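Asks: Supplied in structure tokens, the structure appears directly below.
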Amino acid sequence: MAFHTVGSNKRKIDGAEKATGATVYTADMRFPNLLHIKVLRSPHAHARILSIDAGAALAMSGVVKIVTGADVPGPFGVAIHDQHPIARDKVRYVGEPVAAVVARTEREAEKAARAIVVDYEILPFVQDPLAAMDPSSPVIHENMMDYKTLPFVRRVGHNTYQHFKVRKGNAEQVMQQADCVVEGDYYFPPAVHVQMEPHCAVAKYGHDGSMIMYATTQAPFVVQTTISELLEIPYGRIQVIAPFLGGGFGGKSDITIEALVACVAKHVPGKFVRLLLSREEMFSGATHGRNIKAHYKLGFDRAGKLLAMIGQCVQASGGNADYAINVLTGTALSGSGPYIVPDLQLDVYGVYTNTQPIGAFRGYGHPEAHLSIERLMDEAARKLNMTPAELRMKNLLQAGEANGIGQVMHASNGNVRECARIITDKLWGQPLPKAKSHCLVGRGMAAYMKTPCMPSNAQSGALIKLNADGSLTLSVGAVDMGQGLHTALSQIAAEALDLPFERVLFKTSVDTFSSPYDWQTVASRSTWGSGNAVLLAAADFKRNLKTEAAKVFATTPDQVAYAKGAVSFNGQEIPLADFATGLRNLDGTAITRPFFGQGNFVAQGVQNPDLDTGQTNAAADWTFGCVGVELEVDTRTGETTVLRLMNAIDAGTIINPVLATEQVAGAMLMALGSATSETIIFDEKTGRVRNDTLVDYKIPGIEDIACQTEVFFVQTPEESGPYGAKGIGEHGCVGTVPAFLNALRDATGLDFHDLPASPDRIITTLKGGEPK
Amino acid sequence: MILNACPYEKPTTLQRLLELNQTPGAKLLAGGTDLVLVMKENKAEPALLIDIKNVPELHGIYAIPGGIFIGAAEPIQEVVEHPLTQVYHALVEGAGRIGCYEIRLRATIGGNICNGSPSADSVPGLLLYDADVVVAGRSGTRVSTLESFLLGPGRVDLQEGEVLLGVNLKTPNPNAKSKYYRCSRVKGMDLSGISAGIYCEGKSNFRIAFGAAWPTVARAKAAEEILNAGPYTPERLQQAIAATLETVHPRRSSMRASPEYKRAMVGELIQMGIEELTGGACNG
């Protein structure tokens, strides 16, 4: 299919403003008589709040109000109502809000927060996921079994709030007959998103009972819904505006600081209040990602056919788990990897721990499962005397085969074997580079699959408005957080309406009052979901246009032709622009009425996950790919240099190759951060995050980027996607960590089962045996 | 967040600076790349902040008899780029590893010394060349060795009211070469986990300095003695490493490098440096 705009490298519509620093983010906005919130956070990982004395603080200069857990409603949540906007009775991690001070300036608020006296009864705490499962560990939510939950939550008790089972055949029995069995423990430690823009929310509760909020959110409609339920403000009276977002990566999905800000705003009606997190608070008072310990066992026959897989994944979900519980679904759905697994037994557990709550993080539970599986595939290949590519090729999914949750793959789901072939050719097709003195070189691969993990009714909407200059303004409910979504959607609209790209304009901020509804901008689903809505809106727009044009031409709509921004009939042509202000008869009477194009999309046939077997049509689509890593390790310093980093991905039709490449490459670099340098260091005595600044939470710098990064697109059109497209935002994260560790194993023989494989750990392991 | 405003002065003469510096609780502000962070963490609340950047005596990189002078308020990037500093290789390399370009324009050499960090990147290079510090006080100016100036983590030998004017560096021997090595968690902007400056003149007169190995940046004197006691041999190198390791006992709580890694790197960095500077003399 030939396209004129889809598939071309259109410039990012927000690029010039962002590159010049002119873009206005939430924290840049100015509000009249703005009040500032500072949060007093718990210094204890687990403690009972005995009393809070805010008397002295309240009397301090500039202080307007002090709000504690007793002053706000709760608990609230979506899947499991287990969190309070401000802690009540108990704190469950260091950094949990205990009180919020509203003052005229941030400094006055901060000073007053320090003057609040809180009396705690300190309780023993637990941070490790397996330890928290142990019945002897402290109970973090005593009333867990009484919490309001959605039907898919299956509480076990003690600290285990979720158990998701995937069952296919009889894995235990088949495992005993396997010729080759590999197994191991793997740990994907917590990671922090490090968005350039910290969380910020500004809210005003009106004297008329309305609420307006500007927020750094990927999920304005979730914020609207949750605030409505929490504060019992009618849904329609809440306006949430998401201006430009300076990075999300899942950390701004669902609802984060917005609940606290809304509650505080209600205490100072008529005033705008703002909370802007510091970088340190982005570590202590915002969600983390990952934090899953897994044990996997894979059984193969002599020929390398994967017979059975048994896996157990346990996530340390933090002090509350309303977000984490959905991440676990991602782990369960992808927990068999991109392979044909005839007999599968997978148990995914979520346990409360005294750590920061786990939320969405680019990859959404998939990288955690893939870490185990892709490391073990390499181990099995060694045992079976095969190359990593040979063993994978024997087992990768293809059309007609069922995945772990029993969905039979169609050709349109993508071609993972082709992805693996590309990586095999590119990675091993050229001679291994000669190692520099004192260096070792190695290569590794990992295959992967990813689904947009979302509710079965996740909707997207789009609205097209015609302007008097013949341009169109497109608005959707999905947020552009830098991923380029609005550019891609503009391309889809331009394609569908046969217009130059430049004639499609975009309403870049999302406003729940006027933007079409969208579940939230997560799960790599928006090019696909909102893209489909744009296509439907374009079709609606053309239909309405032809109806109006038919009146002018005195014919029927089906007789009207549309092409390149003009309608025509019988040799007469009218440009689109004329319809914006309306066409008239000679006597001045109006002929045409104004119109929008509107489109709303929801995936068909997606079911709730089945918690007993996992065997359901729970995934709307799948995306497959394969990662290759070639690296060099300096055996004197432990420093690794990624020489070649590559990803072959079948994400359907690519709307904008440059933006898509950047998404995949950026995600891979983010994952390399986890692989080599990023980890949260909890203080053993207090449980606080010790490395809560970028001085000691080390994300990769420009010097750490791979010497060469390549992304290959296998463009099997996705039949449910706009022009065959699907999402691409997270996929680069899924297989990169195991591919890196496989390459490290190939180079050095070191077998890392956890992260990060830092220079320090590489050297101490080389000198001292197994990784520790 | 800096909670309380504090008085601020920006003197333009050394005399005024020294007067102001008599104020109890006063702190000197140069680039602020360390002090402002400490103030934001509320670990310092100066009674007076004295900005020293407009005092002429603290500026300039220029030749003096037998060497050069580097003013304490000179930005790090100036030290990296100035023609007169280029012969002090380890200094230029080490200073060039500090922060990023923007930080190096702001941070000063005097600040890097007086902050007293055991891992200060500019200091090993200075120690290799036996730098002296020039210190001004109410009673006059004194010159002492940089080595004696470094007292411990966060502590330097500045008496009440004293100000570091700059450092004196001797003109190096024409065949002197030096290198700076740093181990960090990422290749991008980071603090040093352990670092070393290695110096030699041909295959003799070895000098070694380590950052983040001891409570201050310091010379590995025992190793130097062994290496310089006779002709260079692999055995001598191993003895030098062993002698150094006897004194290296890093604390476990560091988030930047484990004690095991630091100790492993002590040997590697000495060996790497000597091999590179002497043209692969040692395969031991």
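By order in the structure tokens, chains are A, B, ...; within a chain, residues start at 1; ligands start at 1, following the order shown.
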For a quick test of understanding: name the residues of chain A lying within 8 Å of chain B when counting only C-alpha atoms, and present them as a ChimeraX atom specification.

Replies: /A:107,110-111,636-637,677,691,695-696,698-704,758-761,763-764

Asks: Those residues with N, CA and C atoms, as a short mmCIF file (atom, residue, chain, number, x, y, z; two decimals), in the first residue's frame please?

Replies:
data_model
loop_
_atom_site.label_atom_id
_atom_site.label_comp_id
_atom_site.auth_asym_id
_atom_site.auth_seq_id
_atom_site.Cartn_x
_atom_site.Cartn_y
_atom_site.Cartn_z
N ARG A 107 8.98 28.02 50.56
CA ARG A 107 9.93 28.03 51.68
C ARG A 107 9.19 28.05 53.03
N GLU A 110 7.79 24.65 53.61
CA GLU A 110 8.85 23.69 53.98
C GLU A 110 9.26 23.88 55.45
N LYS A 111 9.41 25.14 55.83
CA LYS A 111 9.80 25.40 57.23
C LYS A 111 8.74 24.89 58.19
N ARG A 636 40.31 -5.18 33.42
CA ARG A 636 41.03 -4.52 34.51
C ARG A 636 40.12 -3.62 35.32
N THR A 637 39.22 -2.90 34.63
CA THR A 637 38.37 -1.94 35.35
C THR A 637 36.92 -2.40 35.45
N SER A 677 24.02 0.19 35.61
CA SER A 677 24.35 1.15 36.67
C SER A 677 23.22 1.53 37.62
N ASN A 691 20.16 6.53 47.84
CA ASN A 691 20.63 7.26 46.64
C ASN A 691 19.45 7.98 45.98
N VAL A 695 23.14 12.15 41.75
CA VAL A 695 24.56 11.96 42.05
C VAL A 695 24.84 10.47 42.25
N ASP A 696 23.92 9.80 42.89
CA ASP A 696 24.17 8.39 43.22
C ASP A 696 23.16 7.42 42.64
N LYS A 698 22.57 6.36 39.20
CA LYS A 698 23.31 6.67 37.98
C LYS A 698 22.60 6.21 36.73
N ILE A 699 22.05 7.18 36.02
CA ILE A 699 21.49 6.86 34.71
C ILE A 699 22.59 7.05 33.66
N PRO A 700 22.47 6.38 32.54
CA PRO A 700 23.53 6.52 31.53
C PRO A 700 23.63 7.95 31.02
N GLY A 701 24.83 8.36 30.74
CA GLY A 701 25.05 9.66 30.10
C GLY A 701 25.29 9.44 28.62
N ILE A 702 25.51 10.53 27.92
CA ILE A 702 25.69 10.41 26.47
C ILE A 702 26.92 9.56 26.15
N GLU A 703 27.88 9.56 27.07
CA GLU A 703 29.10 8.76 26.87
C GLU A 703 28.82 7.27 26.98
N ASP A 704 27.67 6.91 27.56
CA ASP A 704 27.38 5.49 27.78
C ASP A 704 26.54 4.88 26.66
N SER A 758 27.50 -3.84 37.13
CA SER A 758 28.32 -2.62 37.15
C SER A 758 29.79 -3.00 37.05
N PRO A 759 30.65 -2.03 36.72
CA PRO A 759 32.09 -2.32 36.70
C PRO A 759 32.55 -2.91 38.03
N ASP A 760 32.02 -2.35 39.12
CA ASP A 760 32.38 -2.81 40.45
C ASP A 760 32.06 -4.30 40.60
N ARG A 761 30.82 -4.67 40.28
CA ARG A 761 30.41 -6.07 40.46
C ARG A 761 31.09 -6.99 39.46
N ILE A 763 34.16 -6.66 38.31
CA ILE A 763 35.52 -6.91 38.79
C ILE A 763 35.51 -7.78 40.05
N THR A 764 34.66 -7.45 40.99
CA THR A 764 34.68 -8.23 42.23
C THR A 764 34.24 -9.67 41.95
#

Asks: I'd like the contact shell of Met39 in chain B - 12 Å cut-off, only C-alpha atoms, skipping same-chain residues fewer than 5 positions apart - returned as a VMD selection string.

Replies: chain B and resid 1 to 6 27 29 32 to 34 44 to 47 49

Asks: Find the distance between CA of Glu224 in chain B and CA of Phe69 in chain B and write it in Å to one decimal.

Replies: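 Distance between the two atoms: 26.2 Å.
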
Asks: Need to verify the contact set: range 323-329 of chain A, 7 Å, only C-alpha atoms, exclusion of same-chain residues closer than 3 positions in sequence. Can you return it as a list in words?

Replies: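 Within the cut-off, the hits are Ser317, Ala332, Leu333, Val348, Gly350, Ile358, Gly359, Ala360, Tyr364 and Gly365 of chain A.
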
Asks: Could you write out that same residue set with C-alpha atoms as a short mmCIF file (atom, residue, chain, number, x, y, z; two decimals), in the first residue's frame?

Replies:
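As a result, selection32.cif now contains:
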data_model
loop_
_atom_site.label_atom_id
_atom_site.label_comp_id
_atom_site.auth_asym_id
_atom_site.auth_seq_id
_atom_site.Cartn_x
_atom_site.Cartn_y
_atom_site.Cartn_z
CA SER A 317 4.90 -3.97 45.38
CA ALA A 332 1.57 -13.00 33.80
CA LEU A 333 0.46 -12.39 30.21
CA VAL A 348 2.70 -14.39 39.75
CA GLY A 350 2.18 -9.39 44.46
CA ILE A 358 5.58 -0.02 42.32
CA GLY A 359 3.90 1.53 39.34
CA ALA A 360 4.03 1.30 35.61
CA TYR A 364 5.09 -2.99 32.30
CA GLY A 365 6.08 -6.30 33.87
#

Asks: With only C-alpha atoms as the basis for distance, which of B:Leu165, B:Arg142, B:Gln86, B:Lys40 is at the shortest distance from His59 in chain B?

Replies: B:Leu165
